Amino acid sequence: MSSPGRLLEILRNKGALTPEWAPAVAAVDRAHFVPDTFEVGDRTVSRSTDEAEWRRMVYADLPLITQHNDGRSVAGQVAFPTCSTSMPSLMLAMAAIVRDGDTVLEIGTGTGYHAAWLAHRLGEDRTTSVETDKALHDIARDNLARAGLHPHLVCGDGLAGVPERAPYDRTIATCTVRDIPYAWVEQTAPGGTILTPWGSSFHSYSFATLTVQDGRATGGFSGRPAFMWARQQRRSYGRIRDWYHGEEGDRATTTLDPRVLEENPHARFAVGLRVRDAWPLLCPADDGSDEATYWLFDDARTSWATVEYVPGQDAYETEQHGPRRLWDEVESAYRTWTTEGSPTRDRYRITVTAEGQTVSL
């Protein structure tokens, strides 16, 4: 049966395990932070059904989904993930900003696994973790106690931080935000670092890494993380039928191949800076034609748009419905990006001040 040693072996083989973090990863058994039933990929794994498979997945370098829909089951509602124990190699990539002796604020305790690593390496008193969900907070507390660790845990609004224990040398979020709270800047020591998954409804696959100095935080973007959203800032979820009810939209054509927005991460990032509250879904045809429908949905559930891709064509039919013209917004944002020279994501800078957040070239 798989064991903690197998996870160490995998991480070493991938070059993800550094000497600084090896003792913590070796000492903290991931099994303490994984429920008896979870989802991995598109399947459910149950300890009672197949313990050998359960252990193999626990000690794999994979994210394990441990909660859907904030722990609530609503008939007919789309099941979207709201908690996981993250991919260990990705956790190590984030943890690379930590130095011995640091005090760390973690936003989003989740199962408690990352907090356990921090507490083992830095000490329990130097590790503070805040979780919005009371049920998850209680589970993480019990998981950590089972592992023999007792960092400072808080149940509350993670976007507000934990001011009574500030300042922190490092603030690390394990949830995606679209607007970095100034509270995190205020609570991070001068010269300290904020690391968070960041994005918009259109594109949420970036790390923002910022340095705090003189009451502001500045930094850039990297990586391709996929994390749960901070609940106060999350995008909408649903099925096509939640937006589209058979209405006739306004029809036109476009020369922009919609697949570019799916395949070019730099273009999608740039469009996401200007269209922050709508998201795309590419639906390939199932008849071998290589045709596809590119959908756009707004978070408010008032508007939708489609682009019909057909191979070999120079123009594609569009349809838009609702108070917003979502495709027009997306195409305009894309054209602006190309006019700017199609800059790559790493050229953008983010600044957070008391007045708000800005992203610029």
# chains A, B, ... in the order shown; residues from 1 in each chain; ligands from 1
call {"tool": "closest_atom_pairs", "arguments": {"of": "segment 221-245 of chain A", "to": "segment 71-76 of chain A", "cutoff": "12 Å", "atoms": "only C-alpha atoms", "output": "JSON lines"}}
result
{"residue": "A:Gly238", "atom": "CA", "partner": "A:Gly76", "partner_atom": "CA", "distance": 10.0}
{"residue": "A:Arg239", "atom": "CA", "partner": "A:Gly76", "partner_atom": "CA", "distance": 10.2}
{"residue": "A:Arg241", "atom": "CA", "partner": "A:Gly76", "partner_atom": "CA", "distance": 11.7}
{"residue": "A:Asp242", "atom": "CA", "partner": "A:Gly76", "partner_atom": "CA", "distance": 10.9}
call {"tool": "residues_around", "arguments": {"residues": "Phe207 of chain A", "least_positions_apart": "2", "cutoff": "8 Å", "atoms": "only C-alpha atoms", "output": "number ranges by chain"}}
result
A: 195-198, 205, 209, 221-225
call {"tool": "residues_around", "arguments": {"residues": "Thr255 of chain A", "least_positions_apart": "3", "cutoff": "8 Å", "atoms": "only C-alpha atoms", "output": "ChimeraX atom specification"}}
result
/A:314-316
call {"tool": "write_last_selection", "arguments": {"atoms": "C-alpha atoms", "output": "compact mmCIF listing (two decimals), in the first residue's frame"}}
result
# COMPACT_ATOMS: atom_id res chain seq x y z
CA ASP A 314 -12.76 33.61 -42.30
CA ALA A 315 -15.83 34.94 -40.49
CA TYR A 316 -17.85 33.45 -37.68
call {"tool": "residues_around", "arguments": {"residues": "segment 179-184 of chain A", "least_positions_apart": "4", "cutoff": "10 Å", "atoms": "only C-alpha atoms", "output": "compact mmCIF listing (two decimals) with C-alpha atoms, in the first residue's frame"}}
result
# COMPACT_ATOMS: atom_id res chain seq x y z
CA LEU A 105 -0.66 34.56 7.75
CA ILE A 107 -5.79 32.96 4.10
CA GLY A 158 -10.14 35.92 5.41
CA LEU A 159 -10.25 39.12 3.36
CA ALA A 160 -10.02 41.05 6.64
CA GLY A 161 -6.95 39.11 7.72
CA VAL A 162 -6.12 38.70 11.41
CA PRO A 163 -5.02 42.19 12.52
CA ALA A 166 0.04 41.37 12.68
CA PRO A 167 2.52 42.17 11.30
CA TYR A 168 3.36 39.13 9.19
CA ARG A 170 4.49 36.56 4.59
CA THR A 171 0.79 36.57 3.71
CA ILE A 172 -0.19 33.53 1.64
CA ALA A 173 -3.68 33.00 0.24
CA THR A 188 2.18 42.56 6.10
CA ALA A 189 5.45 43.94 7.44
CA THR A 193 5.53 39.43 0.69
CA ILE A 194 1.93 38.76 -0.32
CA THR A 196 -2.17 34.93 -3.81
CA PRO A 197 -3.91 33.25 -6.71
CA TRP A 198 -5.44 36.13 -8.64
CA GLY A 199 -7.70 36.78 -11.58
CA SER A 200 -11.13 37.55 -12.91
CA ALA A 208 0.23 37.63 -7.90
CA VAL A 212 4.95 45.63 0.69
CA GLY A 215 1.94 51.51 2.69
CA ARG A 216 1.54 49.91 -0.73
CA ALA A 217 2.15 46.55 -2.36
CA GLN A 233 -15.37 37.42 -4.65
CA ILE A 350 -0.11 45.13 -10.00
CA THR A 351 -0.26 47.80 -7.28
CA VAL A 352 -2.48 47.80 -4.21
CA THR A 353 -2.94 50.97 -2.14
CA ALA A 354 -5.55 52.26 0.26
CA GLU A 355 -7.34 53.67 -2.81
CA GLY A 356 -7.64 50.29 -4.50
CA GLN A 357 -5.98 47.93 -6.95
CA THR A 358 -4.52 48.78 -10.36
call {"tool": "atom_distance", "arguments": {"atom1": "atom CA of Met91 of chain A", "atom2": "atom CA of Ile10 of chain A"}}
result
14.0 Å
call {"tool": "closest_residue", "arguments": {"among": "A:Ala31, A:Met57, A:Val307, A:Met94", "to": "Pro258 of chain A", "atoms": "only C-alpha atoms"}}
result
A:Val307
call {"tool": "closest_residue", "arguments": {"among": "A:Trp295, A:Phe269, A:Trp54, A:Trp21", "to": "Pro88 of chain A", "atoms": "only C-alpha atoms"}}
result
A:Trp21
call {"tool": "closest_residue", "arguments": {"among": "A:Ser129, A:Thr18, A:Thr302, A:Thr318", "to": "Ala252 of chain A", "atoms": "only C-alpha atoms"}}
result
A:Thr318
call {"tool": "atom_distance", "arguments": {"atom1": "atom CA of Arg43 of chain A", "atom2": "atom CA of Leu7 of chain A"}}
result
20.7 Å
call {"tool": "closest_residue", "arguments": {"among": "A:Val58, A:Ile97, A:Ala230, A:Val185", "to": "Thr132 of chain A", "atoms": "only C-alpha atoms"}}
result
A:Ala230
call {"tool": "closest_residue", "arguments": {"among": "A:Leu361, A:Leu296, A:Ala226, A:Val78", "to": "Cys283 of chain A", "atoms": "only C-alpha atoms"}}
result
A:Leu296
call {"tool": "residues_around", "arguments": {"residues": "His137 of chain A", "least_positions_apart": "2", "cutoff": "12 Å", "atoms": "only C-alpha atoms", "output": "number ranges by chain"}}
result
A: 83, 107-112, 115, 129-135, 139-144, 152-158
